[in-house]
Amino acid sequence: MGSRSVQLLAVLLVLGDKWLCSLVAAQKPSPCQCSRIAVQNRKNCGFPGITPETCFGMGCCFDSTVPNVPWCFHSLPKQEAEQCVMEVSARRNCGYPGISPQECASRKCCFSDTIVNVPWCFFPMSVEEHQGEPQSAAET
């Protein structure tokens, strides 16, 4: 590889790295995606001593208020509406087996068919259901 090729490759790597970092940073989870995870269900996404900025930069949640659990952890999946972001165990059935997304929406419910053996059409979670719960560092 010639000198020019190496220089061009270096420039592309630097620009690519900045572009990739900004892309990852844009994927910071919403407070809902972080605060609605039960503490015992946190899946580690970081390493000892990770900073909130590094954790968020990886698209993960950060909450250092609870000892002996991961502080940097994977978020819940993104949904169209924040009220639909919840752990699978929190889903309350709003439909019937085989319900279509359109029929589910007509009931003003959430629809997600990505996980088998759980309700695909489920009631949204209101903000009131989470009042009084501690806020995570991601919400501040």
# chains A, B, ... in the order shown; residues from 1 in each chain; ligands from 1

$ select_by_dssp --residues "stretch 6-116 of chain A" --states "strand (DSSP E or B)" --output "MDAnalysis selection string"
chainID A and resid 44 61:62 72:73 93 110:111

$ residues_around --residues "A:Pro124" --least-positions-apart "5" --cutoff "9 Å" --atoms "only C-alpha atoms" --output "list in words"
Ala81, Glu82, Gln83, Cys84, Val85, Met86, Arg91, Arg92, Lys108, Cys109 and Cys110 of chain A

$ closest_residue --among "A:Ser75, A:Asn93, A:Asn117, A:Gln102" --to "A:Ala38" --atoms "only C-alpha atoms"
A:Ser75

$ residues_around --residues "A:Gly46" --least-positions-apart "5" --cutoff "12 Å" --atoms "only C-alpha atoms" --output "list of chain:residue names"
A:Thr51, A:Pro52, A:Glu53, A:Thr54, A:Cys55, A:Phe56, A:Gly57, A:Met58, A:Gly59, A:Cys60, A:Cys61, A:Phe62, A:Asp63, A:Val69, A:Pro70, A:Trp71, A:Cys72, A:Phe73, A:His74

$ write_last_selection --atoms "N, CA, C and O atoms" --output "PDB file, in the first residue's frame"
ATOM      1  N   THR A  51     -17.590   5.449  33.989  1.00  0.00           N
ATOM      2  CA  THR A  51     -18.230   6.734  34.252  1.00  0.00           C
ATOM      3  C   THR A  51     -19.615   6.746  33.607  1.00  0.00           C
ATOM      4  O   THR A  51     -19.869   6.005  32.650  1.00  0.00           O
ATOM      5  N   PRO A  52     -20.510   7.593  34.106  1.00  0.00           N
ATOM      6  CA  PRO A  52     -21.825   7.706  33.472  1.00  0.00           C
ATOM      7  C   PRO A  52     -21.720   8.065  31.987  1.00  0.00           C
ATOM      8  O   PRO A  52     -22.442   7.514  31.158  1.00  0.00           O
ATOM      9  N   GLU A  53     -20.795   8.966  31.652  1.00  0.00           N
ATOM     10  CA  GLU A  53     -20.651   9.389  30.259  1.00  0.00           C
ATOM     11  C   GLU A  53     -20.258   8.227  29.356  1.00  0.00           C
ATOM     12  O   GLU A  53     -20.802   8.057  28.264  1.00  0.00           O
ATOM     13  N   THR A  54     -19.313   7.401  29.809  1.00  0.00           N
ATOM     14  CA  THR A  54     -18.885   6.251  29.022  1.00  0.00           C
ATOM     15  C   THR A  54     -20.021   5.247  28.895  1.00  0.00           C
ATOM     16  O   THR A  54     -20.268   4.700  27.818  1.00  0.00           O
ATOM     17  N   CYS A  55     -20.729   5.023  29.975  1.00  0.00           N
ATOM     18  CA  CYS A  55     -21.851   4.094  29.980  1.00  0.00           C
ATOM     19  C   CYS A  55     -22.934   4.561  28.998  1.00  0.00           C
ATOM     20  O   CYS A  55     -23.386   3.792  28.153  1.00  0.00           O
ATOM     21  N   PHE A  56     -23.345   5.836  29.111  1.00  0.00           N
ATOM     22  CA  PHE A  56     -24.358   6.381  28.198  1.00  0.00           C
ATOM     23  C   PHE A  56     -23.858   6.345  26.759  1.00  0.00           C
ATOM     24  O   PHE A  56     -24.615   6.094  25.835  1.00  0.00           O
ATOM     25  N   GLY A  57     -22.570   6.599  26.566  1.00  0.00           N
ATOM     26  CA  GLY A  57     -21.985   6.565  25.236  1.00  0.00           C
ATOM     27  C   GLY A  57     -22.075   5.189  24.591  1.00  0.00           C
ATOM     28  O   GLY A  57     -22.042   5.064  23.378  1.00  0.00           O
ATOM     29  N   MET A  58     -22.187   4.149  25.403  1.00  0.00           N
ATOM     30  CA  MET A  58     -22.339   2.787  24.899  1.00  0.00           C
ATOM     31  C   MET A  58     -23.811   2.435  24.705  1.00  0.00           C
ATOM     32  O   MET A  58     -24.145   1.302  24.368  1.00  0.00           O
ATOM     33  N   GLY A  59     -24.699   3.412  24.962  1.00  0.00           N
ATOM     34  CA  GLY A  59     -26.132   3.168  24.795  1.00  0.00           C
ATOM     35  C   GLY A  59     -26.760   2.449  25.969  1.00  0.00           C
ATOM     36  O   GLY A  59     -27.823   1.843  25.842  1.00  0.00           O
ATOM     37  N   CYS A  60     -26.112   2.521  27.141  1.00  0.00           N
ATOM     38  CA  CYS A  60     -26.598   1.812  28.321  1.00  0.00           C
ATOM     39  C   CYS A  60     -27.108   2.792  29.374  1.00  0.00           C
ATOM     40  O   CYS A  60     -26.927   3.987  29.269  1.00  0.00           O
ATOM     41  N   CYS A  61     -27.731   2.248  30.409  1.00  0.00           N
ATOM     42  CA  CYS A  61     -28.251   3.029  31.535  1.00  0.00           C
ATOM     43  C   CYS A  61     -27.192   3.081  32.635  1.00  0.00           C
ATOM     44  O   CYS A  61     -26.383   2.160  32.762  1.00  0.00           O
ATOM     45  N   PHE A  62     -27.239   4.137  33.445  1.00  0.00           N
ATOM     46  CA  PHE A  62     -26.324   4.254  34.575  1.00  0.00           C
ATOM     47  C   PHE A  62     -27.093   4.706  35.800  1.00  0.00           C
ATOM     48  O   PHE A  62     -27.846   5.668  35.753  1.00  0.00           O
ATOM     49  N   ASP A  63     -26.925   3.979  36.909  1.00  0.00           N
ATOM     50  CA  ASP A  63     -27.549   4.339  38.181  1.00  0.00           C
ATOM     51  C   ASP A  63     -26.676   3.779  39.292  1.00  0.00           C
ATOM     52  O   ASP A  63     -26.608   2.569  39.493  1.00  0.00           O
ATOM     53  N   VAL A  69     -25.219  -4.181  42.697  1.00  0.00           N
ATOM     54  CA  VAL A  69     -25.844  -4.529  41.414  1.00  0.00           C
ATOM     55  C   VAL A  69     -25.107  -3.747  40.331  1.00  0.00           C
ATOM     56  O   VAL A  69     -24.423  -2.769  40.633  1.00  0.00           O
ATOM     57  N   PRO A  70     -25.228  -4.159  39.079  1.00  0.00           N
ATOM     58  CA  PRO A  70     -24.562  -3.379  38.019  1.00  0.00           C
ATOM     59  C   PRO A  70     -25.053  -1.937  37.993  1.00  0.00           C
ATOM     60  O   PRO A  70     -26.258  -1.686  38.060  1.00  0.00           O
ATOM     61  N   TRP A  71     -24.122  -1.010  37.910  1.00  0.00           N
ATOM     62  CA  TRP A  71     -24.468   0.409  37.800  1.00  0.00           C
ATOM     63  C   TRP A  71     -24.642   0.806  36.347  1.00  0.00           C
ATOM     64  O   TRP A  71     -25.393   1.701  36.029  1.00  0.00           O
ATOM     65  N   CYS A  72     -23.912   0.168  35.467  1.00  0.00           N
ATOM     66  CA  CYS A  72     -24.056   0.386  34.029  1.00  0.00           C
ATOM     67  C   CYS A  72     -24.718  -0.873  33.486  1.00  0.00           C
ATOM     68  O   CYS A  72     -24.159  -1.961  33.578  1.00  0.00           O
ATOM     69  N   PHE A  73     -25.933  -0.723  32.956  1.00  0.00           N
ATOM     70  CA  PHE A  73     -26.712  -1.905  32.583  1.00  0.00           C
ATOM     71  C   PHE A  73     -27.506  -1.656  31.307  1.00  0.00           C
ATOM     72  O   PHE A  73     -27.779  -0.519  30.931  1.00  0.00           O
ATOM     73  N   HIS A  74     -27.872  -2.762  30.640  1.00  0.00           N
ATOM     74  CA  HIS A  74     -28.624  -2.687  29.387  1.00  0.00           C
ATOM     75  C   HIS A  74     -30.029  -2.147  29.649  1.00  0.00           C
ATOM     76  O   HIS A  74     -30.646  -2.459  30.669  1.00  0.00           O
TER      77      HIS A  74
END

$ closest_residue --among "A:Cys32, A:Leu76, A:Cys121, A:Ile115" --to "A:Pro97" --atoms "only C-alpha atoms"
A:Cys121
